[in-house]
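Engineer: Hey, dropping query-v3.cif in here, mmCIF, C-alpha atoms:
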data_coords
#
loop_
_atom_site.label_atom_id
_atom_site.label_comp_id
_atom_site.auth_asym_id
_atom_site.auth_seq_id
_atom_site.Cartn_x
_atom_site.Cartn_y
_atom_site.Cartn_z
CA MET Y 1 -18.71 -7.59 -0.27
CA ILE Y 2 -18.98 -11.22 -1.39
CA ALA Y 3 -21.42 -10.11 -4.07
CA TRP Y 4 -18.87 -7.58 -5.27
CA PHE Y 5 -16.24 -10.27 -5.67
CA ALA Y 6 -18.74 -12.70 -7.21
CA ASP Y 7 -19.60 -10.27 -10.00
CA SER Y 8 -17.58 -11.48 -12.97
CA SER Y 9 -17.57 -8.02 -14.56
CA HIS Y 10 -15.25 -6.91 -11.75
CA TRP Y 11 -12.73 -9.61 -12.60
CA LEU Y 12 -12.40 -9.43 -16.36
CA GLY Y 13 -11.85 -6.68 -18.86
CA ASP Y 14 -9.58 -3.68 -19.20
CA ASP Y 15 -9.71 -2.66 -15.53
CA GLY Y 16 -10.64 -6.04 -14.08
CA LEU Y 17 -9.12 -7.52 -10.96
CA LEU Y 18 -7.12 -10.14 -12.84
CA LEU Y 19 -5.34 -7.50 -14.87
CA LEU Y 20 -4.74 -5.31 -11.80
CA ILE Y 21 -3.30 -8.21 -9.81
CA TRP Y 22 -1.08 -9.11 -12.75
CA GLN Y 23 0.11 -5.49 -13.06
CA HIS Y 24 0.80 -5.25 -9.34
CA LEU Y 25 2.88 -8.43 -9.44
CA LEU Y 26 4.66 -7.40 -12.63
CA TYR Y 27 5.70 -3.95 -11.37
CA SER Y 28 6.76 -5.40 -8.02
CA ALA Y 29 8.80 -8.14 -9.68
CA VAL Y 30 10.58 -5.73 -12.03
CA ALA Y 31 11.40 -3.40 -9.14
CA LEU Y 32 12.62 -6.31 -7.02
CA VAL Y 33 14.89 -7.70 -9.75
CA CYS Y 34 16.45 -4.28 -10.36
CA THR Y 35 16.92 -3.82 -6.59
CA LEU Y 36 18.65 -7.18 -6.28
CA LEU Y 37 20.95 -6.44 -9.21
CA VAL Y 38 22.15 -3.23 -7.56
CA ALA Y 39 22.04 -4.12 -3.88
CA PHE Y 40 23.56 -7.58 -3.94
CA PRO Y 41 27.02 -6.63 -5.21
CA ILE Y 42 27.18 -3.65 -2.85
CA GLY Y 43 26.14 -5.74 0.15
CA CYS Y 44 28.61 -8.49 -0.75
CA TYR Y 45 31.42 -5.98 -1.16
CA CYS Y 46 30.77 -4.22 2.17
CA GLY Y 47 30.23 -7.51 4.01
CA HIS Y 48 33.22 -9.29 2.54
CA THR Y 49 35.71 -6.45 2.94
CA GLY Y 50 34.16 -4.82 6.01
CA LYS Y 51 34.31 -1.40 4.37
CA GLY Y 52 31.56 1.19 4.07
CA GLU Y 53 29.64 0.13 7.14
CA ARG Y 54 28.89 3.67 8.27
CA VAL Y 55 27.73 4.80 4.85
CA LEU Y 56 25.44 1.78 4.56
CA ILE Y 57 23.75 2.26 7.93
CA GLY Y 58 23.56 6.03 7.58
CA CYS Y 59 22.04 5.62 4.14
CA ALA Y 60 19.42 3.19 5.43
CA ASN Y 61 18.45 5.44 8.34
CA ALA Y 62 18.18 8.49 6.11
CA LEU Y 63 16.01 6.65 3.58
CA ARG Y 64 13.67 5.45 6.30
CA ALA Y 65 12.81 9.08 7.05
CA LEU Y 66 12.07 9.99 3.41
CA PRO Y 67 8.35 10.01 2.64
CA SER Y 68 7.99 7.72 -0.41
CA PHE Y 69 4.67 9.28 -1.36
CA GLY Y 70 6.22 12.74 -1.80
CA LEU Y 71 9.19 11.28 -3.65
CA ILE Y 72 7.00 9.59 -6.27
CA ILE Y 73 5.09 12.79 -6.97
CA ILE Y 74 8.27 14.86 -7.28
CA LEU Y 75 9.74 12.40 -9.78
CA VAL Y 76 6.52 12.21 -11.80
CA ILE Y 77 6.35 15.99 -12.10
CA ILE Y 78 10.03 16.29 -13.03
CA LEU Y 79 10.42 13.23 -15.28
CA GLY Y 80 6.84 13.08 -16.55
CA PRO Y 81 7.24 15.59 -19.40
CA VAL Y 82 10.39 13.77 -20.61
CA PHE Y 83 8.47 10.64 -21.60
CA THR Y 84 5.46 10.64 -23.86
CA SER Y 85 3.70 7.34 -23.21
CA ASP Y 86 2.74 5.48 -20.02
CA LEU Y 87 6.44 5.50 -19.17
CA ALA Y 88 5.85 9.02 -17.79
CA PHE Y 89 4.57 7.52 -14.54
CA ILE Y 90 5.94 3.97 -14.77
CA ILE Y 91 9.63 4.99 -14.77
CA PRO Y 92 9.39 7.43 -11.82
CA SER Y 93 7.36 4.91 -9.79
CA LEU Y 94 9.87 2.15 -10.48
CA ILE Y 95 12.79 4.39 -9.51
CA VAL Y 96 11.18 5.21 -6.14
CA LEU Y 97 10.31 1.55 -5.49
CA ILE Y 98 13.90 0.53 -6.20
CA VAL Y 99 15.45 3.31 -4.13
CA LEU Y 100 13.25 2.46 -1.15
CA ALA Y 101 13.90 -1.27 -1.34
CA LEU Y 102 17.68 -0.96 -1.80
CA PRO Y 103 18.70 -0.46 1.86
CA SER Y 104 16.81 -3.50 3.16
CA VAL Y 105 18.57 -5.84 0.73
CA MET Y 106 21.99 -4.20 1.16
CA LEU Y 107 21.70 -4.32 4.94
CA GLY Y 108 20.42 -7.90 4.81
CA VAL Y 109 23.39 -9.10 2.75
CA TRP Y 110 25.87 -7.01 4.72
CA SER Y 111 24.65 -7.94 8.18
CA GLY Y 112 24.25 -11.56 7.12
CA ILE Y 113 27.89 -11.79 6.10
CA THR Y 114 29.28 -9.80 9.02
CA SER Y 115 27.35 -11.77 11.64
CA ILE Y 116 28.94 -15.07 10.60
CA ASP Y 117 31.21 -16.53 13.25
CA ARG Y 118 34.73 -15.27 12.45
CA THR Y 119 36.26 -18.68 13.10
CA VAL Y 120 34.26 -20.16 10.20
CA ILE Y 121 35.69 -17.62 7.78
CA ASP Y 122 39.20 -17.95 9.17
CA ALA Y 123 38.98 -21.72 8.82
CA ALA Y 124 38.00 -21.41 5.16
CA ARG Y 125 40.88 -18.95 4.60
CA GLY Y 126 43.25 -21.32 6.33
CA MET Y 127 42.14 -24.12 4.02
CA GLY Y 128 43.25 -21.95 1.12
CA TYR Y 129 39.88 -20.70 -0.19
CA SER Y 130 40.20 -17.85 -2.65
CA PRO Y 131 38.14 -14.72 -1.85
CA TRP Y 132 35.55 -15.56 -4.54
CA ARG Y 133 35.21 -19.15 -3.41
CA LEU Y 134 34.98 -17.98 0.20
CA LEU Y 135 32.18 -15.56 -0.70
CA LEU Y 136 30.19 -17.98 -2.85
CA THR Y 137 30.54 -21.21 -0.91
CA VAL Y 138 30.90 -20.05 2.69
CA GLU Y 139 29.79 -16.50 3.34
CA LEU Y 140 26.63 -16.33 1.22
CA PRO Y 141 25.19 -19.71 2.29
CA CYS Y 142 25.83 -18.90 5.95
CA ALA Y 143 24.29 -15.45 5.51
CA LEU Y 144 21.15 -16.73 3.77
CA PRO Y 145 18.66 -16.31 6.67
CA LEU Y 146 19.39 -12.60 7.00
CA ILE Y 147 19.70 -12.12 3.23
CA ILE Y 148 16.26 -13.62 2.70
CA SER Y 149 14.74 -11.59 5.52
CA GLY Y 150 16.20 -8.45 3.91
CA ILE Y 151 14.70 -9.38 0.54
CA ARG Y 152 11.44 -10.21 2.30
CA SER Y 153 11.05 -6.78 3.85
CA ALA Y 154 12.16 -5.13 0.59
CA THR Y 155 9.47 -7.06 -1.30
CA LEU Y 156 6.76 -6.14 1.19
CA GLN Y 157 7.79 -2.53 1.00
CA ILE Y 158 7.64 -2.60 -2.79
CA ILE Y 159 4.17 -4.15 -2.73
CA SER Y 160 2.80 -1.57 -0.32
CA THR Y 161 4.44 1.41 -2.05
CA ALA Y 162 3.19 0.22 -5.45
CA THR Y 163 -0.30 0.67 -3.95
CA ILE Y 164 0.43 4.33 -3.27
CA ALA Y 165 1.91 4.84 -6.75
CA ALA Y 166 -1.60 4.30 -8.15
CA TYR Y 167 -2.18 7.92 -7.14
CA VAL Y 168 0.10 8.98 -10.02
CA SER Y 169 -1.74 6.61 -12.43
CA LEU Y 170 0.39 3.51 -12.00
CA GLY Y 171 -1.69 0.37 -12.54
CA GLY Y 172 -2.11 -2.36 -9.97
CA LEU Y 173 -4.35 -2.95 -6.97
CA GLY Y 174 -3.87 0.59 -5.66
CA ARG Y 175 -6.11 1.70 -8.57
CA LEU Y 176 -9.15 0.22 -6.81
CA ILE Y 177 -8.38 2.22 -3.66
CA ILE Y 178 -7.61 5.50 -5.40
CA ASP Y 179 -10.43 5.27 -7.96
CA GLY Y 180 -12.84 4.03 -5.31
CA ARG Y 181 -12.02 7.06 -3.18
CA ALA Y 182 -12.52 9.42 -6.13
CA GLN Y 183 -15.91 7.86 -6.93
CA SER Y 184 -16.90 7.39 -3.25
CA ASP Y 185 -17.27 3.69 -4.10
CA TYR Y 186 -16.38 2.15 -0.74
CA GLN Y 187 -17.02 -1.41 -1.92
CA GLN Y 188 -14.30 -1.02 -4.53
CA MET Y 189 -11.89 0.60 -2.02
CA ILE Y 190 -12.37 -2.19 0.50
CA ALA Y 191 -11.97 -4.84 -2.21
CA GLY Y 192 -8.67 -3.23 -3.22
CA ALA Y 193 -7.45 -2.98 0.36
CA LEU Y 194 -8.39 -6.61 1.06
CA LEU Y 195 -6.63 -7.86 -2.06
CA VAL Y 196 -3.44 -5.89 -1.32
CA ALA Y 197 -3.42 -7.17 2.26
CA VAL Y 198 -3.95 -10.76 1.10
CA LEU Y 199 -1.24 -10.39 -1.56
CA ALA Y 200 1.23 -9.06 1.03
CA LEU Y 201 0.43 -11.84 3.49
CA LEU Y 202 0.72 -14.44 0.73
CA VAL Y 203 4.12 -13.17 -0.38
CA ASP Y 204 5.27 -13.08 3.26
CA PHE Y 205 4.13 -16.68 3.66
CA ILE Y 206 6.00 -17.76 0.51
CA PHE Y 207 9.17 -16.20 1.92
CA SER Y 208 8.77 -18.07 5.21
CA LEU Y 209 8.52 -21.30 3.21
CA LEU Y 210 11.51 -20.29 1.11
CA ILE Y 211 13.68 -19.91 4.21
CA ARG Y 212 12.87 -23.49 5.24
CA VAL Y 213 13.60 -24.89 1.79
CA VAL Y 214 16.71 -22.94 0.84
CA VAL Y 215 18.63 -22.49 4.08
CA SER Y 216 20.76 -25.31 5.37
CA PRO Y 217 19.17 -26.82 8.51
CA GLY Y 218 22.40 -26.51 10.47
CA ILE Y 219 22.36 -22.74 10.07
CA LEU Y 220 18.70 -22.39 11.04
CA ARG Y 221 19.23 -24.32 14.25
CA ARG Y 222 22.05 -22.01 15.23
CA GLU Y 223 19.94 -18.98 14.34
CA THR Y 224 17.18 -19.96 16.76
CA SER Y 225 19.46 -20.65 19.70
CA GLN Y 226 21.53 -17.52 19.20
CA LYS Y 227 19.15 -14.59 18.83
CA SER Y 228 20.47 -11.76 16.73
CA SER Y 229 18.10 -8.90 17.46
CA VAL Y 230 19.90 -6.02 15.82
CA PRO Y 231 19.69 -7.10 12.16
CA SER Y 232 15.94 -7.74 12.37
CA ILE Y 233 15.51 -4.16 13.53
CA LEU Y 234 17.88 -2.81 10.90
CA THR Y 235 16.28 -4.43 7.89
CA ARG Y 236 12.71 -3.60 8.89
CA ASN Y 237 11.39 -0.69 6.93
CA ARG Y 238 8.04 -0.01 5.41
CA SER Y 239 5.68 2.49 3.88
CA MET I 1 11.10 26.76 -5.57
CA ARG I 2 8.68 29.64 -5.09
CA PHE I 3 9.52 31.06 -1.70
CA ASP I 4 6.87 33.77 -1.90
CA TRP I 5 4.23 31.01 -2.15
CA LEU I 6 5.71 29.31 0.91
CA LEU I 7 5.58 32.56 2.88
CA ARG I 8 1.97 33.20 1.91
CA GLN I 9 1.02 29.64 2.90
CA SER I 10 3.15 29.56 6.05
CA ASP I 11 0.12 29.50 8.40
CA GLN I 12 -1.40 26.54 6.63
CA ILE I 13 1.94 24.72 6.46
CA ALA I 14 2.58 25.28 10.16
CA GLN I 15 -0.87 23.86 10.88
CA LEU I 16 -0.12 20.76 8.75
CA PHE I 17 3.25 20.37 10.48
CA LEU I 18 1.60 20.37 13.90
CA TRP I 19 -0.93 17.78 12.74
CA HIS I 20 1.93 15.66 11.42
CA LEU I 21 3.81 16.00 14.70
CA TRP I 22 0.71 14.94 16.65
CA LEU I 23 0.06 11.93 14.36
CA SER I 24 3.74 10.93 14.51
CA VAL I 25 4.25 11.10 18.26
CA LEU I 26 0.99 9.97 19.86
CA PRO I 27 0.68 6.53 18.14
CA VAL I 28 4.26 5.45 18.90
CA VAL I 29 3.95 6.58 22.52
CA ILE I 30 0.69 4.62 22.89
CA GLY I 31 2.32 1.71 21.06
CA LEU I 32 5.24 1.72 23.49
CA ALA I 33 2.95 2.03 26.52
CA LEU I 34 1.08 -1.08 25.32
CA ALA I 35 4.18 -2.96 24.19
CA LEU I 36 6.04 -2.75 27.52
CA PRO I 37 3.54 -4.79 29.57
CA ALA I 38 2.72 -7.02 26.58
CA GLY I 39 6.41 -7.77 26.01
CA GLY I 40 6.88 -8.50 29.70
CA LEU I 41 3.94 -10.92 29.67
CA ILE I 42 4.99 -12.68 26.46
CA GLN I 43 8.47 -13.07 27.91
CA ARG I 44 6.98 -15.14 30.72
CA LEU I 45 5.14 -17.45 28.31
CA PRO I 46 8.00 -18.98 26.31
CA ARG I 47 5.72 -21.44 24.51
CA LEU I 48 3.41 -18.75 23.16
CA LYS I 49 6.18 -16.30 22.42
CA ALA I 50 7.11 -17.43 18.90
CA VAL I 51 3.47 -17.76 17.83
CA LEU I 52 2.46 -14.35 19.19
CA LEU I 53 5.48 -12.57 17.73
CA ASN I 54 4.79 -14.12 14.32
CA LEU I 55 1.16 -13.00 14.46
CA LEU I 56 2.29 -9.45 15.26
CA GLY I 57 4.76 -9.64 12.37
CA LEU I 58 1.84 -10.46 10.08
CA LEU I 59 0.02 -7.32 11.21
CA TYR I 60 3.09 -5.31 10.29
CA THR I 61 3.01 -6.89 6.81
CA ILE I 62 -0.32 -5.33 5.77
CA PRO I 63 0.29 -2.27 3.57
CA SER I 64 -0.57 0.97 5.35
CA LEU I 65 -3.01 2.27 2.74
CA ALA I 66 -4.92 -1.03 2.92
CA LEU I 67 -5.02 -0.90 6.72
CA PHE I 68 -6.32 2.70 6.73
CA ILE I 69 -9.22 1.55 4.57
CA LEU I 70 -9.93 -1.82 6.19
CA LEU I 71 -10.04 -0.50 9.77
CA PRO I 72 -13.36 1.40 9.49
CA GLY I 73 -15.06 -1.89 8.61
CA ILE I 74 -13.59 -3.54 11.69
CA LEU I 75 -13.97 -0.64 14.14
CA GLY I 76 -17.31 0.60 12.80
CA THR I 77 -15.94 4.11 12.33
CA ARG I 78 -16.48 6.33 9.28
CA ILE I 79 -14.02 5.79 6.44
CA LEU I 80 -12.67 9.38 6.53
CA ASP I 81 -12.27 9.40 10.32
CA THR I 82 -8.80 10.30 11.66
CA VAL I 83 -9.28 7.58 14.30
CA ASN I 84 -8.64 4.92 11.61
CA VAL I 85 -5.23 6.37 10.84
CA MET I 86 -4.43 6.70 14.53
CA VAL I 87 -5.37 3.06 15.24
CA ALA I 88 -3.43 1.78 12.22
CA LEU I 89 -0.31 3.64 13.36
CA VAL I 90 -0.69 2.32 16.92
CA ILE I 91 -0.96 -1.22 15.49
CA TYR I 92 2.26 -0.80 13.49
CA ALA I 93 4.15 0.71 16.42
CA PHE I 94 2.86 -2.01 18.75
CA ALA I 95 3.74 -4.82 16.33
CA LEU I 96 7.27 -3.49 15.94
CA LEU I 97 7.86 -2.64 19.59
CA VAL I 98 6.63 -5.85 21.27
CA ARG I 99 9.38 -7.72 19.45
CA THR I 100 11.89 -5.07 20.49
CA VAL I 101 10.80 -5.19 24.12
CA CYS I 102 11.22 -8.99 24.07
CA ASP I 103 14.67 -8.62 22.51
CA GLY I 104 15.53 -6.03 25.16
CA LEU I 105 14.41 -8.28 28.02
CA ASP I 106 16.40 -11.14 26.46
CA SER I 107 19.48 -8.92 26.67
CA VAL I 108 19.25 -8.72 30.48
CA SER I 109 21.94 -11.02 31.78
CA PRO I 110 20.81 -14.03 33.87
CA ASP I 111 23.30 -12.99 36.59
CA THR I 112 21.47 -9.68 37.06
CA ARG I 113 18.15 -11.51 37.32
CA GLN I 114 19.54 -14.01 39.83
CA ALA I 115 20.95 -11.19 41.93
CA ALA I 116 17.57 -9.46 41.98
CA ILE I 117 15.80 -12.67 42.97
CA ALA I 118 18.37 -13.30 45.70
CA LEU I 119 17.76 -9.80 47.04
CA GLY I 120 14.10 -10.71 47.39
CA TYR I 121 12.57 -8.76 44.51
CA LYS I 122 9.00 -9.80 43.66
CA PRO I 123 8.48 -10.56 39.93
CA PHE I 124 6.59 -7.33 39.17
CA HIS I 125 8.98 -5.17 41.16
CA GLN I 126 11.92 -6.86 39.45
CA PHE I 127 10.41 -6.28 35.99
CA LEU I 128 9.88 -2.60 36.72
CA THR I 129 13.10 -1.72 38.52
CA ILE I 130 15.65 -4.21 37.15
CA ASP I 131 14.69 -5.76 33.80
CA LEU I 132 13.18 -2.72 32.10
CA PRO I 133 15.95 -0.22 32.93
CA VAL I 134 18.65 -2.68 31.84
CA ALA I 135 16.75 -3.34 28.59
CA ILE I 136 16.46 0.36 27.72
CA PRO I 137 19.30 0.55 25.14
CA VAL I 138 17.84 -2.26 22.99
CA ILE I 139 14.27 -0.99 23.37
CA ALA I 140 15.41 2.52 22.46
CA ALA I 141 17.05 1.26 19.24
CA GLY I 142 13.72 -0.25 18.16
CA PHE I 143 11.82 2.82 19.31
CA ARG I 144 13.96 5.01 17.05
CA VAL I 145 13.05 2.84 14.06
CA ALA I 146 9.37 3.00 15.00
CA VAL I 147 9.42 6.78 15.39
CA VAL I 148 11.28 7.52 12.17
CA SER I 149 9.33 5.15 9.94
CA ASN I 150 6.08 6.36 11.48
CA VAL I 151 6.82 9.92 10.32
CA SER I 152 6.89 8.76 6.71
CA ILE I 153 3.88 6.43 7.01
CA VAL I 154 1.80 9.34 8.34
CA SER I 155 2.18 11.18 5.03
CA ILE I 156 0.31 8.38 3.23
CA ALA I 157 -2.77 9.19 5.30
CA ALA I 158 -3.25 12.16 2.94
CA LEU I 159 -4.76 9.63 0.51
CA VAL I 160 -7.62 8.98 2.93
CA GLY I 161 -8.09 12.67 3.63
CA THR I 162 -6.33 13.14 6.96
CA PRO I 163 -4.65 16.55 6.96
CA GLN I 164 -0.87 16.56 7.65
CA LEU I 165 2.29 17.27 5.62
CA GLY I 166 1.24 14.61 3.09
CA SER I 167 -1.59 16.95 2.10
CA LEU I 168 1.09 19.17 0.56
CA PHE I 169 1.98 16.25 -1.76
CA THR I 170 -1.57 15.77 -3.05
CA GLN I 171 -2.02 19.52 -3.33
CA GLY I 172 1.22 19.87 -5.33
CA PHE I 173 0.27 16.99 -7.60
CA GLN I 174 -3.12 18.47 -8.42
CA LEU I 175 -1.53 21.84 -9.25
CA GLN I 176 1.52 20.20 -10.95
CA PHE I 177 3.52 22.51 -8.69
CA LEU I 178 6.77 21.32 -7.07
CA THR I 179 7.17 23.87 -4.25
CA PRO I 180 4.67 22.41 -1.75
CA ILE I 181 5.91 18.87 -2.40
CA ILE I 182 9.55 19.75 -1.77
CA ALA I 183 8.55 21.72 1.33
CA GLY I 184 6.58 18.69 2.54
CA VAL I 185 9.44 16.24 1.96
CA VAL I 186 11.97 18.53 3.66
CA LEU I 187 9.70 19.11 6.66
CA CYS I 188 9.02 15.36 6.97
CA VAL I 189 12.72 14.56 7.00
CA LEU I 190 13.43 17.39 9.48
CA LEU I 191 10.66 16.17 11.75
CA ALA I 192 12.03 12.61 11.61
CA LEU I 193 15.54 13.85 12.44
CA LEU I 194 14.23 16.02 15.29
CA LEU I 195 12.21 13.20 16.87
CA ASP I 196 15.07 10.75 16.38
CA SER I 197 17.56 12.99 18.14
CA LEU I 198 15.05 13.58 20.95
CA VAL I 199 14.83 9.81 21.46
CA VAL I 200 18.62 9.50 21.40
CA TYR I 201 18.92 12.34 23.92
CA GLY I 202 16.24 10.87 26.15
CA THR I 203 17.87 7.44 26.08
CA HIS I 204 21.20 8.98 26.96
CA LYS I 205 19.60 10.66 29.99
CA LEU I 206 17.90 7.41 31.04
CA VAL I 207 20.99 5.19 30.94
CA VAL I 208 23.46 7.49 32.70
CA TRP I 209 24.90 4.55 34.60
CA GLN I 210 26.20 3.01 31.41
CA PRO I 211 29.47 3.99 29.77
CA ALA I 212 29.20 5.45 26.26
CA ARG I 213 27.50 2.83 24.12
CA ARG I 214 27.87 1.93 20.48
CA LYS I 215 25.09 3.62 18.53
CA SER I 216 23.47 1.98 15.53
#
The structure in this file should be written as structure tokens.
Structural biologist:
Amino acid sequence: MIAWFADSSHWLGDDGLLLLIWQHLLYSAVALVCTLLVAFPIGCYCGHTGKGERVLIGCANALRALPSFGLIIILVIILGPVFTSDLAFIIPSLIVLIVLALPSVMLGVWSGITSIDRTVIDAARGMGYSPWRLLLTVELPCALPLIISGIRSATLQIISTATIAAYVSLGGLGRLIIDGRAQSDYQQMIAGALLVAVLALLVDFIFSLLIRVVVSPGILRRETSQKSSVPSILTRNRS
Amino acid sequence: MRFDWLLRQSDQIAQLFLWHLWLSVLPVVIGLALALPAGGLIQRLPRLKAVLLNLLGLLYTIPSLALFILLPGILGTRILDTVNVMVALVIYAFALLVRTVCDGLDSVSPDTRQAAIALGYKPFHQFLTIDLPVAIPVIAAGFRVAVVSNVSIVSIAALVGTPQLGSLFTQGFQLQFLTPIIAGVVLCVLLALLLDSLVVYGTHKLVVWQPARRKS
């Protein structure tokens, strides 16, 4: 295994590891940015106004049951003929990644805002904060721990589903696993699996650092003394 | 949709469905059976609790396809063995459920515990007859998540050659034929709904002493 990784021909070139890692990160980042752009406003709206709670939770539960693998293949077969170039499998894969990651972020933002102590929000209102100022300077900062944990599980889900999308020719580390299986090259499969696992663990670690850096210490202290179990269950989702 | 194709393949599809059912139910049940005592133990070791729960969270982070392929190297099984998939699913269920069991035990009110101690319950007896039953609603909420997400993870095992509804996806992709894929997705969702409502029903039967509870 070490010999496999030490061989420079596996790292460089058109299907080298460096390129695959770069592709995996690129696709994941694009999907994550699109997810945030859609999910953030929805989560803020539902959390701030308290509307749409049922739809949000129902939506998340329904999506958890959908098999992402089947969804990607359906979209590739339907949308594939529409595009001529590589977009034929890139667009469908991205759509599925975004759809699957949406609920985690929406629920994270929503549950983050709704779990804030009501007296904090009422105090800000009483001091004459406008709704926008309330959202930006009080609600979002207080909700950060749950927002970040929502984004964290969304990111991990994107990374692991991008692996599966290699089956429909998407680039990235999943290629090693799928191609390795086709060629019965177990070394290559294991290398791919190891790299994906390491990548996921690394990203998870970065998020745990991010929470320490970004979140105000006062909020973190309260979070540890007052366990909120339900949101951690709600935002967890994977494939 | 080609319904005539579905009818002709109904035997094979039923077989795949049963395999899927088996792979969906057994790992989460084993996971729960392991998580209950483990959660009870971790609960009694407050210092280790955070560390152990974080380690389990890391296990849950590893992408499923990667875990299916890495496990043979660790277990010494063959790479196409169904055991790998089974073990991976048990690991996921266990990682998710230990945390839930801890959360559930945290939800038992100190007054209830004190009353049990005052009545002379031994720790093990108290865990079994007081703490666990009171924790059921929280544990059940986590169990639902584990069951439902497991149904969709199982379909990925088609990529390592384990037959179940996911095999319909690979088959449909090779033939560029939508019917089996749609059938597979619909059956997966139906199976998830069925298992979920079974868990809800079972929980309802187990916590008869409680007034109607808010469902999540």
Engineer: Hey, which bits of chain Y sit within 8 Å of chain I, and for each residue what's the closest pair of atoms and how far apart in Å (one decimal), counting only C-alpha atoms, rows by chain and increasing number, as JSON lines?
Structural biologist:
{"residue": "Y:Ile57", "atom": "CA", "partner": "I:Ser216", "partner_atom": "CA", "distance": 7.6}
{"residue": "Y:Arg64", "atom": "CA", "partner": "I:Ser149", "partner_atom": "CA", "distance": 5.7}
{"residue": "Y:Ala65", "atom": "CA", "partner": "I:Val189", "partner_atom": "CA", "distance": 5.5}
{"residue": "Y:Leu66", "atom": "CA", "partner": "I:Val189", "partner_atom": "CA", "distance": 5.8}
{"residue": "Y:Pro67", "atom": "CA", "partner": "I:Ser152", "partner_atom": "CA", "distance": 4.5}
{"residue": "Y:Ser68", "atom": "CA", "partner": "I:Ser152", "partner_atom": "CA", "distance": 7.3}
{"residue": "Y:Phe69", "atom": "CA", "partner": "I:Ile156", "partner_atom": "CA", "distance": 6.4}
{"residue": "Y:Gly70", "atom": "CA", "partner": "I:Phe169", "partner_atom": "CA", "distance": 5.5}
{"residue": "Y:Leu71", "atom": "CA", "partner": "I:Val185", "partner_atom": "CA", "distance": 7.5}
{"residue": "Y:Ile73", "atom": "CA", "partner": "I:Phe173", "partner_atom": "CA", "distance": 6.4}
{"residue": "Y:Ile74", "atom": "CA", "partner": "I:Leu178", "partner_atom": "CA", "distance": 6.6}
{"residue": "Y:Ile77", "atom": "CA", "partner": "I:Gln176", "partner_atom": "CA", "distance": 6.5}
{"residue": "Y:Leu156", "atom": "CA", "partner": "I:Thr61", "partner_atom": "CA", "distance": 6.8}
{"residue": "Y:Gln157", "atom": "CA", "partner": "I:Pro63", "partner_atom": "CA", "distance": 7.9}
{"residue": "Y:Ile159", "atom": "CA", "partner": "I:Pro63", "partner_atom": "CA", "distance": 7.6}
{"residue": "Y:Ser160", "atom": "CA", "partner": "I:Pro63", "partner_atom": "CA", "distance": 4.7}
{"residue": "Y:Thr161", "atom": "CA", "partner": "I:Pro63", "partner_atom": "CA", "distance": 7.9}
{"residue": "Y:Thr163", "atom": "CA", "partner": "I:Leu65", "partner_atom": "CA", "distance": 7.4}
{"residue": "Y:Ile164", "atom": "CA", "partner": "I:Leu65", "partner_atom": "CA", "distance": 7.2}
{"residue": "Y:Ile178", "atom": "CA", "partner": "I:Leu159", "partner_atom": "CA", "distance": 7.8}
{"residue": "Y:Arg181", "atom": "CA", "partner": "I:Val160", "partner_atom": "CA", "distance": 7.8}
{"residue": "Y:Met189", "atom": "CA", "partner": "I:Ile69", "partner_atom": "CA", "distance": 7.2}
{"residue": "Y:Ile190", "atom": "CA", "partner": "I:Leu70", "partner_atom": "CA", "distance": 6.2}
{"residue": "Y:Gly192", "atom": "CA", "partner": "I:Ala66", "partner_atom": "CA", "distance": 7.5}
{"residue": "Y:Ala193", "atom": "CA", "partner": "I:Ala66", "partner_atom": "CA", "distance": 4.1}
{"residue": "Y:Leu194", "atom": "CA", "partner": "I:Ala66", "partner_atom": "CA", "distance": 6.8}
{"residue": "Y:Val196", "atom": "CA", "partner": "I:Ala66", "partner_atom": "CA", "distance": 6.6}
{"residue": "Y:Ala197", "atom": "CA", "partner": "I:Ile62", "partner_atom": "CA", "distance": 5.0}
{"residue": "Y:Ala200", "atom": "CA", "partner": "I:Ile62", "partner_atom": "CA", "distance": 6.2}
{"residue": "Y:Leu201", "atom": "CA", "partner": "I:Thr61", "partner_atom": "CA", "distance": 6.5}
{"residue": "Y:Asp204", "atom": "CA", "partner": "I:Thr61", "partner_atom": "CA", "distance": 7.5}
{"residue": "Y:Ser229", "atom": "CA", "partner": "I:Asp103", "partner_atom": "CA", "distance": 6.1}
{"residue": "Y:Ile233", "atom": "CA", "partner": "I:Gly142", "partner_atom": "CA", "distance": 6.3}
{"residue": "Y:Asn237", "atom": "CA", "partner": "I:Ser149", "partner_atom": "CA", "distance": 6.9}
{"residue": "Y:Arg238", "atom": "CA", "partner": "I:Ser149", "partner_atom": "CA", "distance": 7.0}
{"residue": "Y:Ser239", "atom": "CA", "partner": "I:Ile153", "partner_atom": "CA", "distance": 5.3}
Engineer: Env of Leu23 of chain I: 9 Å cut, atoms = all atoms listed in the file, seq-sep filter 4 positions within chain, self excluded. Answer as a list in words.
Structural biologist: Leu18, Trp19, Pro27, Val28, Val85, Met86, Leu89, Asn150, Val151, Val154 and Gln164 of chain I
Engineer: Which of these residues is nearest to Ala95 of chain I, using only C-alpha atoms: I:Gly40, I:Asp11, I:Gly31, I:Leu16?
Structural biologist: I:Gly31
Engineer: Quick one: pull the distance between atom CA of Ile113 of chain Y and atom CA of Gly47 of chain Y, Å, one decimal.
Structural biologist: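 Separation between atom CA of Ile113 of chain Y and atom CA of Gly47 of chain Y: 5.3 Å.
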Engineer: Residues within 9 Å of segment 205-210 of chain Y, please, as a list in words. Count all atoms listed in the file; anything in the same chain fewer than 6 positions from it doesn't count.
Structural biologist: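 The residues satisfying every condition are Ile148, Ser149, Ile151 and Arg152 of chain Y.
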